[in-house]
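File shown: upload01.cif (mmCIF, C-alpha atoms).
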data_my_file
loop_
_atom_site.label_atom_id
_atom_site.label_comp_id
_atom_site.auth_asym_id
_atom_site.auth_seq_id
_atom_site.Cartn_x
_atom_site.Cartn_y
_atom_site.Cartn_z
CA MET A 1 -18.85 -21.39 -6.86
CA LEU A 2 -20.36 -17.92 -7.41
CA HIS A 3 -20.04 -18.28 -11.17
CA ARG A 4 -21.89 -21.61 -11.07
CA LEU A 5 -24.62 -20.08 -8.90
CA HIS A 6 -25.10 -17.28 -11.42
CA ASP A 7 -25.50 -19.90 -14.16
CA HIS A 8 -28.05 -21.81 -12.06
CA ILE A 9 -30.01 -18.62 -11.37
CA SER A 10 -30.12 -17.71 -15.07
CA ASN A 11 -31.15 -21.25 -15.97
CA CYS A 12 -34.00 -21.20 -13.42
CA TYR A 13 -35.40 -17.94 -14.80
CA VAL A 14 -35.16 -19.27 -18.38
CA ARG A 15 -37.08 -22.40 -17.36
CA ALA A 16 -39.67 -20.27 -15.51
CA ALA A 17 -40.16 -18.17 -18.65
CA ASP A 18 -40.49 -21.35 -20.75
CA ALA A 19 -43.14 -22.70 -18.36
CA ARG A 20 -45.01 -19.37 -18.54
CA ARG A 21 -44.84 -19.38 -22.37
CA LEU A 22 -46.15 -22.96 -22.52
CA ALA A 23 -48.94 -22.14 -20.02
CA ASP A 24 -50.01 -19.16 -22.11
CA ALA A 25 -50.03 -21.32 -25.25
CA THR A 26 -52.24 -24.12 -23.92
CA ASN A 27 -56.03 -24.27 -23.64
CA ASN A 28 -56.01 -27.22 -21.22
CA ALA A 29 -56.87 -25.76 -17.79
CA GLU A 30 -55.21 -28.57 -15.84
CA ARG A 31 -51.98 -28.34 -17.86
CA LYS A 32 -52.04 -24.53 -17.59
CA ALA A 33 -52.30 -24.77 -13.77
CA ASP A 34 -49.43 -27.30 -13.66
CA LEU A 35 -47.25 -25.06 -15.83
CA HIS A 36 -47.99 -22.04 -13.61
CA LEU A 37 -46.96 -24.10 -10.57
CA MET A 38 -43.81 -25.12 -12.41
CA GLU A 39 -43.08 -21.47 -13.24
CA GLU A 40 -43.45 -20.47 -9.59
CA SER A 41 -41.25 -23.39 -8.48
CA TRP A 42 -38.49 -22.32 -10.88
CA LYS A 43 -38.73 -18.73 -9.61
CA ARG A 44 -38.53 -19.88 -5.97
CA LEU A 45 -35.49 -22.01 -6.77
CA ALA A 46 -33.84 -19.02 -8.49
CA GLN A 47 -34.56 -16.87 -5.42
CA SER A 48 -33.06 -19.55 -3.21
CA TYR A 49 -29.89 -19.54 -5.34
CA GLU A 50 -29.82 -15.73 -5.18
CA LEU A 51 -29.96 -15.85 -1.39
CA THR A 52 -27.18 -18.44 -1.37
CA GLU A 53 -25.12 -16.22 -3.69
CA ARG A 54 -25.61 -13.16 -1.44
CA LEU A 55 -24.65 -15.16 1.65
CA GLU A 56 -21.58 -16.58 -0.07
CA ARG A 57 -20.47 -13.10 -1.22
CA THR A 58 -20.90 -11.79 2.33
CA LEU A 59 -18.93 -14.69 3.81
CA LEU A 60 -16.14 -14.26 1.25
CA GLU A 61 -15.95 -10.54 1.99
CA ARG A 62 -15.79 -11.16 5.75
CA SER A 63 -13.18 -13.85 5.25
CA ARG A 64 -11.01 -11.44 3.23
CA GLU A 65 -11.34 -8.81 5.98
CA ILE A 66 -10.25 -11.33 8.63
CA VAL A 67 -7.29 -12.47 6.51
CA GLN A 68 -6.21 -8.86 5.97
CA ARG A 69 -6.31 -8.23 9.71
CA THR A 70 -4.49 -11.44 10.69
CA GLU A 71 -2.10 -12.03 7.82
CA TRP A 72 1.57 -11.94 8.72
CA GLN A 73 3.56 -9.20 7.01
CA ARG A 74 7.31 -8.79 6.65
CA ALA A 75 9.04 -7.08 9.60
CA PRO A 76 10.81 -4.37 7.56
CA ASN A 77 7.35 -3.06 6.56
CA ALA A 78 6.09 -2.80 10.15
CA PRO A 79 4.66 0.54 11.28
CA PHE A 80 6.42 2.49 14.01
CA ASP A 81 5.08 2.99 17.54
CA ARG A 82 2.08 0.64 17.31
CA VAL A 83 1.35 -2.40 19.43
CA LEU A 84 2.07 -5.44 17.25
CA GLU A 85 2.36 -9.20 17.46
CA LEU A 86 5.74 -10.42 16.25
CA ALA A 87 6.95 -13.74 14.95
CA VAL A 88 10.03 -15.49 13.71
CA ILE A 89 8.94 -17.49 10.70
CA GLY A 90 11.35 -19.98 9.22
CA ALA A 91 11.60 -23.47 7.81
CA ALA A 92 10.66 -24.90 11.21
CA GLY A 93 7.38 -22.96 11.28
CA ILE A 94 6.01 -19.95 13.14
CA ASP A 95 7.28 -18.93 16.56
CA THR A 96 5.40 -15.99 18.05
CA ILE A 97 6.71 -13.63 20.69
CA ALA A 98 4.68 -14.10 23.86
CA PHE A 99 3.93 -10.42 24.51
CA PRO A 100 3.00 -7.27 22.57
CA CYS A 101 5.86 -5.34 20.98
CA ARG A 102 6.54 -1.97 19.35
CA ARG A 103 8.88 -0.86 16.63
CA LEU A 104 10.85 2.27 17.51
CA LEU A 105 13.65 4.04 15.66
CA LYS A 106 16.16 2.27 17.90
CA GLY A 107 14.63 -1.17 17.15
CA TRP A 108 12.04 -3.54 18.61
CA VAL A 109 10.96 -3.28 22.25
CA ALA A 110 8.45 -4.93 24.56
CA ALA A 111 5.35 -2.70 24.41
CA GLU A 112 4.67 -2.76 28.17
CA THR A 113 8.21 -2.39 29.54
CA GLY A 114 10.15 -0.72 26.72
CA GLU A 115 12.88 -3.36 27.10
CA PRO A 116 14.75 -4.01 23.82
CA LEU A 117 14.23 -7.45 22.25
CA ASP A 118 17.08 -9.94 21.92
CA VAL A 119 15.54 -11.46 18.80
CA ARG A 120 15.08 -10.29 15.23
CA PRO A 121 11.45 -10.76 14.22
CA THR A 122 10.78 -11.67 10.62
CA HIS A 123 7.04 -10.92 10.55
CA TRP A 124 4.36 -8.84 12.26
CA ARG A 125 0.60 -8.40 12.38
CA GLU A 126 -1.87 -6.34 14.38
CA TRP A 127 -2.01 -7.23 18.06
CA SER A 128 -5.20 -9.08 19.00
CA GLU A 129 -6.19 -8.21 22.56
CA GLY A 130 -6.32 -11.26 24.80
CA ALA A 131 -5.05 -13.84 22.30
CA ILE A 132 -1.35 -13.98 23.15
CA PRO A 133 -1.41 -13.19 26.89
CA GLN A 134 -3.45 -16.31 27.56
CA ARG A 135 -0.94 -18.45 25.62
CA ALA A 136 1.88 -16.69 27.44
CA ARG A 137 0.25 -17.40 30.81
CA THR A 138 -0.23 -21.03 29.84
CA THR A 139 3.40 -21.27 28.77
CA ARG A 140 4.61 -19.72 32.02
CA GLU A 141 2.45 -22.18 33.97
CA ARG A 142 3.91 -25.16 32.09
CA GLY A 143 7.44 -23.88 32.48
CA PRO A 144 10.30 -23.33 30.07
CA ALA A 145 9.94 -26.71 28.35
CA THR A 146 7.13 -25.48 26.07
CA ALA A 147 8.61 -22.08 25.18
CA ARG A 148 11.96 -21.55 23.53
CA ARG A 149 13.91 -18.65 24.98
CA THR A 150 16.09 -16.39 22.90
CA GLY A 151 17.72 -13.80 25.16
CA ASN A 152 14.91 -11.99 26.95
CA VAL A 153 12.20 -13.30 24.59
CA ALA A 154 10.01 -16.38 24.97
CA LEU A 155 9.04 -17.77 21.57
CA LEU A 156 5.80 -19.72 21.48
CA PRO A 157 5.41 -22.33 18.78
CA ARG A 158 2.12 -21.98 16.89
#

Translate this structure into structure tokens?
Amino acid sequence: MLHRLHDHISNCYVRAADARRLADATNNAERKADLHLMEESWKRLAQSYELTERLERTLLERSREIVQRTEWQRAPNAPFDRVLELAVIGAAGIDTIAFPCRRLLKGWVAAETGEPLDVRPTHWREWSEGAIPQRARTTRERGPATARRTGNVALLPR
């Protein structure tokens, strides 16, 4: 889309320059005024495309930042001693662990209690404050039917 916008912007400025050249070449006052209006219209359209291009670049940049922060990464690459969100990702989909966890030298533990996990996570990402606890509360309220338990870990389907 950005490439097409750049082409549209260039085209608008070329047409504005053409209108200016034609206005300068004519002696007819009415035609000259129309061509100057046309030149200004082409310039305004180009500026509108430029604004759209800037907004689109900003949105793409923000989107990339969000993806980088929320993208799942492989568990063996997880940092040590940081609060993380863990998941088991397989053919059946994504199951997230319902509470924050940490990776220690001895393995994975629940971040709040230090209790070792009875599950092997496959992926991790940065912990988002407030996102999982609410799902975990909802799951606890609904009972064990909505969460799958593996040892001491409740897995929440995404």

Might you spell out which residues the PyMOL selection byres ((chain A and resi 49) around 12) would select in the displayed file, as an mmCIF file with C-alpha atoms, in the frame of the given file?
data_model
loop_
_atom_site.group_PDB
_atom_site.id
_atom_site.type_symbol
_atom_site.label_atom_id
_atom_site.label_comp_id
_atom_site.auth_asym_id
_atom_site.auth_seq_id
_atom_site.Cartn_x
_atom_site.Cartn_y
_atom_site.Cartn_z
ATOM 1 C CA MET A 1 -18.850 -21.390 -6.860
ATOM 2 C CA LEU A 2 -20.360 -17.920 -7.410
ATOM 3 C CA HIS A 3 -20.040 -18.280 -11.170
ATOM 4 C CA ARG A 4 -21.890 -21.610 -11.070
ATOM 5 C CA LEU A 5 -24.620 -20.080 -8.900
ATOM 6 C CA HIS A 6 -25.100 -17.280 -11.420
ATOM 7 C CA ASP A 7 -25.500 -19.900 -14.160
ATOM 8 C CA HIS A 8 -28.050 -21.810 -12.060
ATOM 9 C CA ILE A 9 -30.010 -18.620 -11.370
ATOM 10 C CA SER A 10 -30.120 -17.710 -15.070
ATOM 11 C CA ASN A 11 -31.150 -21.250 -15.970
ATOM 12 C CA CYS A 12 -34.000 -21.200 -13.420
ATOM 13 C CA TYR A 13 -35.400 -17.940 -14.800
ATOM 14 C CA TRP A 42 -38.490 -22.320 -10.880
ATOM 15 C CA LYS A 43 -38.730 -18.730 -9.610
ATOM 16 C CA ARG A 44 -38.530 -19.880 -5.970
ATOM 17 C CA LEU A 45 -35.490 -22.010 -6.770
ATOM 18 C CA ALA A 46 -33.840 -19.020 -8.490
ATOM 19 C CA GLN A 47 -34.560 -16.870 -5.420
ATOM 20 C CA SER A 48 -33.060 -19.550 -3.210
ATOM 21 C CA GLU A 50 -29.820 -15.730 -5.180
ATOM 22 C CA LEU A 51 -29.960 -15.850 -1.390
ATOM 23 C CA THR A 52 -27.180 -18.440 -1.370
ATOM 24 C CA GLU A 53 -25.120 -16.220 -3.690
ATOM 25 C CA ARG A 54 -25.610 -13.160 -1.440
ATOM 26 C CA LEU A 55 -24.650 -15.160 1.650
ATOM 27 C CA GLU A 56 -21.580 -16.580 -0.070
#

With the PyMOL selection byres ((chain A and resi 97) around 6) as the selection, what would be picked from this file? Answer as a list of chain:residue names, please. A:Leu86, A:Ala87, A:Thr96, A:Ala98, A:Phe99, A:Leu155

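What separates CA of Lys106 (chain A) from CA of Ile89 (chain A) is a distance of 22.2 Å.
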
Which residues would end up in the selection if the PyMOL selection byres ((chain A and resi 75) around 7) were applied here, given that I need the answer as an NGL selection string? :A and (73-74 or 76-78 or 121-124)

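Using all atoms listed in the file, the nearest neighbour of Ser128 (chain A) within the list A:Arg57, A:Glu85, A:Ala91, A:Glu115 is A:Glu85.
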
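For the pair CA of Pro100 (chain A) and CA of Glu126 (chain A), the separation is 9.6 Å.
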
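What separates CA of Leu104 (chain A) from CA of Arg82 (chain A) is a distance of 8.9 Å.
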
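Using only C-alpha atoms, the nearest neighbour of Val88 (chain A) within the list A:Arg102, A:Arg64, A:Arg15, A:Arg120 is A:Arg120.
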
Just the residues within 9 Å of region 17-21 of chain A, please, counting all atoms listed in the file, with nothing from its chain fewer than 2 positions along; format it as a PDB file with C-alpha atoms, in the frame of the given file.
ATOM      1  CA  CYS A  12     -34.000 -21.200 -13.420  1.00  0.00           C
ATOM      2  CA  TYR A  13     -35.400 -17.940 -14.800  1.00  0.00           C
ATOM      3  CA  VAL A  14     -35.160 -19.270 -18.380  1.00  0.00           C
ATOM      4  CA  ARG A  15     -37.080 -22.400 -17.360  1.00  0.00           C
ATOM      5  CA  ALA A  23     -48.940 -22.140 -20.020  1.00  0.00           C
ATOM      6  CA  ASP A  24     -50.010 -19.160 -22.110  1.00  0.00           C
ATOM      7  CA  ALA A  25     -50.030 -21.320 -25.250  1.00  0.00           C
ATOM      8  CA  THR A  26     -52.240 -24.120 -23.920  1.00  0.00           C
ATOM      9  CA  LYS A  32     -52.040 -24.530 -17.590  1.00  0.00           C
ATOM     10  CA  LEU A  35     -47.250 -25.060 -15.830  1.00  0.00           C
ATOM     11  CA  HIS A  36     -47.990 -22.040 -13.610  1.00  0.00           C
ATOM     12  CA  LEU A  37     -46.960 -24.100 -10.570  1.00  0.00           C
ATOM     13  CA  MET A  38     -43.810 -25.120 -12.410  1.00  0.00           C
ATOM     14  CA  GLU A  39     -43.080 -21.470 -13.240  1.00  0.00           C
ATOM     15  CA  TRP A  42     -38.490 -22.320 -10.880  1.00  0.00           C
TER      16      TRP A  42
END

Let me know the centre plus edge lengths, in Å and rounded to one decimal, of a box with edges along x, y and z that contains all listed atoms of region 14-33 of chain A and is padded by 3 Å on every side, as lines of an AutoDock Vina configuration file.
center_x = -46.0
center_y = -23.4
center_z = -19.5
size_x = 27.7
size_y = 16.4
size_z = 17.5

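Among the candidates A:Leu84, A:Asn27, A:Arg62, A:Arg125, the residue lying nearest to Cys101 (chain A) is A:Leu84 (atoms considered: all atoms listed in the file).
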